[in-house]
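S.K.: After the structure tokens below, expect a handful of questions from me.
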Amino acid sequence: MNENEKTSRWIHCPLCGGKTRTKVFEDTAMVRFPLYCPKCKREFLINVVQFKMVVEDAKDVLSHDCFLIL
């Protein structure tokens with residue numbers, strides 16, 4: 001990997017696991033980001049720091065801590 005290339009990952013839906021249209025880099029930080037899933041047509045407020053995603057409004061999600069999938 002080149003020095004200038006950064007590692008990136010797609011964010012997956014915390015409910016259905018489907019890939020969303022949002023991609024993050026290792027230095028991306030999101031606070032109260034409205035993540036929309038085109039598969040289950042739901043929206044979640046998420047926080048992301050260093051590839052760790054936490055669902056803020058986790059009424060429908062069993063696990064509050066979700067990880068990004070490569």
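Every chain in the structure tokens has a letter given in the order shown (A, B, ...), and although residue numbers restart at 1 in each chain, ligands are simply numbered from 1 in the order shown.
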Contacts of segment 28-32 of chain A at 10 Å or less, counting only C-alpha atoms, minus same-chain residues fewer than 6 places along, as a VMD selection string?

M.R.: chain A and resid 8 44 to 57

S.K.: What's around Trp10 of chain A at 12 Å? Count only C-alpha atoms, leave out sequence neighbours fewer than 4 positions away in its own chain, and write the answer as a PDB file with N, CA, C and O atoms, in the first residue's frame.

M.R.:
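Written output follows (around_1.pdb):
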ATOM      1  N   GLY A  17     -27.447  -5.484   8.340  1.00  0.00           N
ATOM      2  CA  GLY A  17     -26.107  -5.844   7.898  1.00  0.00           C
ATOM      3  C   GLY A  17     -25.819  -5.506   6.446  1.00  0.00           C
ATOM      4  O   GLY A  17     -24.747  -5.806   5.941  1.00  0.00           O
ATOM      5  N   GLY A  18     -26.772  -4.878   5.769  1.00  0.00           N
ATOM      6  CA  GLY A  18     -26.571  -4.502   4.373  1.00  0.00           C
ATOM      7  C   GLY A  18     -25.595  -3.349   4.232  1.00  0.00           C
ATOM      8  O   GLY A  18     -25.457  -2.516   5.120  1.00  0.00           O
ATOM      9  N   LYS A  19     -24.902  -3.307   3.100  1.00  0.00           N
ATOM     10  CA  LYS A  19     -23.932  -2.241   2.861  1.00  0.00           C
ATOM     11  C   LYS A  19     -24.664  -0.945   2.539  1.00  0.00           C
ATOM     12  O   LYS A  19     -25.586  -0.928   1.726  1.00  0.00           O
ATOM     13  N   THR A  20     -24.260   0.125   3.195  1.00  0.00           N
ATOM     14  CA  THR A  20     -24.849   1.437   2.916  1.00  0.00           C
ATOM     15  C   THR A  20     -24.000   2.138   1.864  1.00  0.00           C
ATOM     16  O   THR A  20     -23.019   1.574   1.380  1.00  0.00           O
ATOM     17  N   ARG A  21     -24.344   3.341   1.526  1.00  0.00           N
ATOM     18  CA  ARG A  21     -23.596   4.102   0.526  1.00  0.00           C
ATOM     19  C   ARG A  21     -22.589   5.040   1.184  1.00  0.00           C
ATOM     20  O   ARG A  21     -22.164   6.013   0.577  1.00  0.00           O
ATOM     21  N   THR A  22     -22.221   4.737   2.411  1.00  0.00           N
ATOM     22  CA  THR A  22     -21.310   5.592   3.166  1.00  0.00           C
ATOM     23  C   THR A  22     -19.990   4.858   3.397  1.00  0.00           C
ATOM     24  O   THR A  22     -19.978   3.732   3.876  1.00  0.00           O
ATOM     25  N   LYS A  23     -18.905   5.518   3.058  1.00  0.00           N
ATOM     26  CA  LYS A  23     -17.573   4.948   3.222  1.00  0.00           C
ATOM     27  C   LYS A  23     -16.783   5.871   4.151  1.00  0.00           C
ATOM     28  O   LYS A  23     -16.905   7.092   4.066  1.00  0.00           O
ATOM     29  N   VAL A  24     -15.971   5.288   5.032  1.00  0.00           N
ATOM     30  CA  VAL A  24     -15.180   6.094   5.964  1.00  0.00           C
ATOM     31  C   VAL A  24     -13.707   5.691   5.883  1.00  0.00           C
ATOM     32  O   VAL A  24     -13.376   4.569   5.531  1.00  0.00           O
ATOM     33  N   PHE A  25     -12.850   6.631   6.221  1.00  0.00           N
ATOM     34  CA  PHE A  25     -11.419   6.393   6.324  1.00  0.00           C
ATOM     35  C   PHE A  25     -11.052   6.227   7.789  1.00  0.00           C
ATOM     36  O   PHE A  25     -11.841   6.531   8.677  1.00  0.00           O
ATOM     37  N   GLU A  26      -9.817   5.768   8.043  1.00  0.00           N
ATOM     38  CA  GLU A  26      -9.406   5.511   9.421  1.00  0.00           C
ATOM     39  C   GLU A  26      -9.368   6.769  10.264  1.00  0.00           C
ATOM     40  O   GLU A  26      -9.515   6.704  11.482  1.00  0.00           O
ATOM     41  N   THR A  28     -11.599   9.270   9.902  1.00  0.00           N
ATOM     42  CA  THR A  28     -12.925   9.878   9.864  1.00  0.00           C
ATOM     43  C   THR A  28     -13.565   9.880  11.251  1.00  0.00           C
ATOM     44  O   THR A  28     -13.491   8.892  11.968  1.00  0.00           O
ATOM     45  N   LEU A  35     -27.374   7.834   9.271  1.00  0.00           N
ATOM     46  CA  LEU A  35     -27.045   6.744   8.353  1.00  0.00           C
ATOM     47  C   LEU A  35     -28.342   6.146   7.816  1.00  0.00           C
ATOM     48  O   LEU A  35     -29.199   5.722   8.580  1.00  0.00           O
ATOM     49  N   VAL A  48     -19.081   7.622  14.717  1.00  0.00           N
ATOM     50  CA  VAL A  48     -17.969   6.809  14.225  1.00  0.00           C
ATOM     51  C   VAL A  48     -16.659   7.506  14.561  1.00  0.00           C
ATOM     52  O   VAL A  48     -16.491   8.689  14.269  1.00  0.00           O
ATOM     53  N   PHE A  51     -12.989   3.769  12.934  1.00  0.00           N
ATOM     54  CA  PHE A  51     -13.700   2.580  12.457  1.00  0.00           C
ATOM     55  C   PHE A  51     -14.618   1.949  13.504  1.00  0.00           C
ATOM     56  O   PHE A  51     -15.165   0.881  13.275  1.00  0.00           O
ATOM     57  N   LYS A  52     -14.814   2.553  14.642  1.00  0.00           N
ATOM     58  CA  LYS A  52     -15.727   2.022  15.667  1.00  0.00           C
ATOM     59  C   LYS A  52     -17.036   2.784  15.538  1.00  0.00           C
ATOM     60  O   LYS A  52     -17.070   4.006  15.648  1.00  0.00           O
ATOM     61  N   MET A  53     -18.120   2.047  15.284  1.00  0.00           N
ATOM     62  CA  MET A  53     -19.426   2.670  15.106  1.00  0.00           C
ATOM     63  C   MET A  53     -20.307   2.361  16.309  1.00  0.00           C
ATOM     64  O   MET A  53     -20.398   1.213  16.744  1.00  0.00           O
ATOM     65  N   PHE A  67     -19.524  -2.900  14.517  1.00  0.00           N
ATOM     66  CA  PHE A  67     -18.245  -2.651  13.890  1.00  0.00           C
ATOM     67  C   PHE A  67     -18.428  -2.573  12.390  1.00  0.00           C
ATOM     68  O   PHE A  67     -19.296  -3.187  11.814  1.00  0.00           O
ATOM     69  N   LEU A  68     -17.548  -1.809  11.757  1.00  0.00           N
ATOM     70  CA  LEU A  68     -17.576  -1.685  10.297  1.00  0.00           C
ATOM     71  C   LEU A  68     -17.012  -2.945   9.698  1.00  0.00           C
ATOM     72  O   LEU A  68     -16.044  -3.510  10.193  1.00  0.00           O
ATOM     73  N   ILE A  69     -17.582  -3.388   8.605  1.00  0.00           N
ATOM     74  CA  ILE A  69     -17.157  -4.601   7.929  1.00  0.00           C
ATOM     75  C   ILE A  69     -16.331  -4.222   6.710  1.00  0.00           C
ATOM     76  O   ILE A  69     -16.680  -3.319   5.985  1.00  0.00           O
ATOM     77  N   LEU A  70     -15.234  -4.923   6.507  1.00  0.00           N
ATOM     78  CA  LEU A  70     -14.366  -4.638   5.360  1.00  0.00           C
ATOM     79  C   LEU A  70     -15.073  -4.879   4.055  1.00  0.00           C
ATOM     80  O   LEU A  70     -15.836  -5.726   3.863  1.00  0.00           O
TER      81      LEU A  70
END

S.K.: Would you compute the distance between atom CA of Cys40 of chain A and atom CA of Leu15 of chain A? Give it in Å to one decimal.

M.R.: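 Going from atom CA of Cys40 of chain A over to atom CA of Leu15 of chain A covers 8.2 Å.
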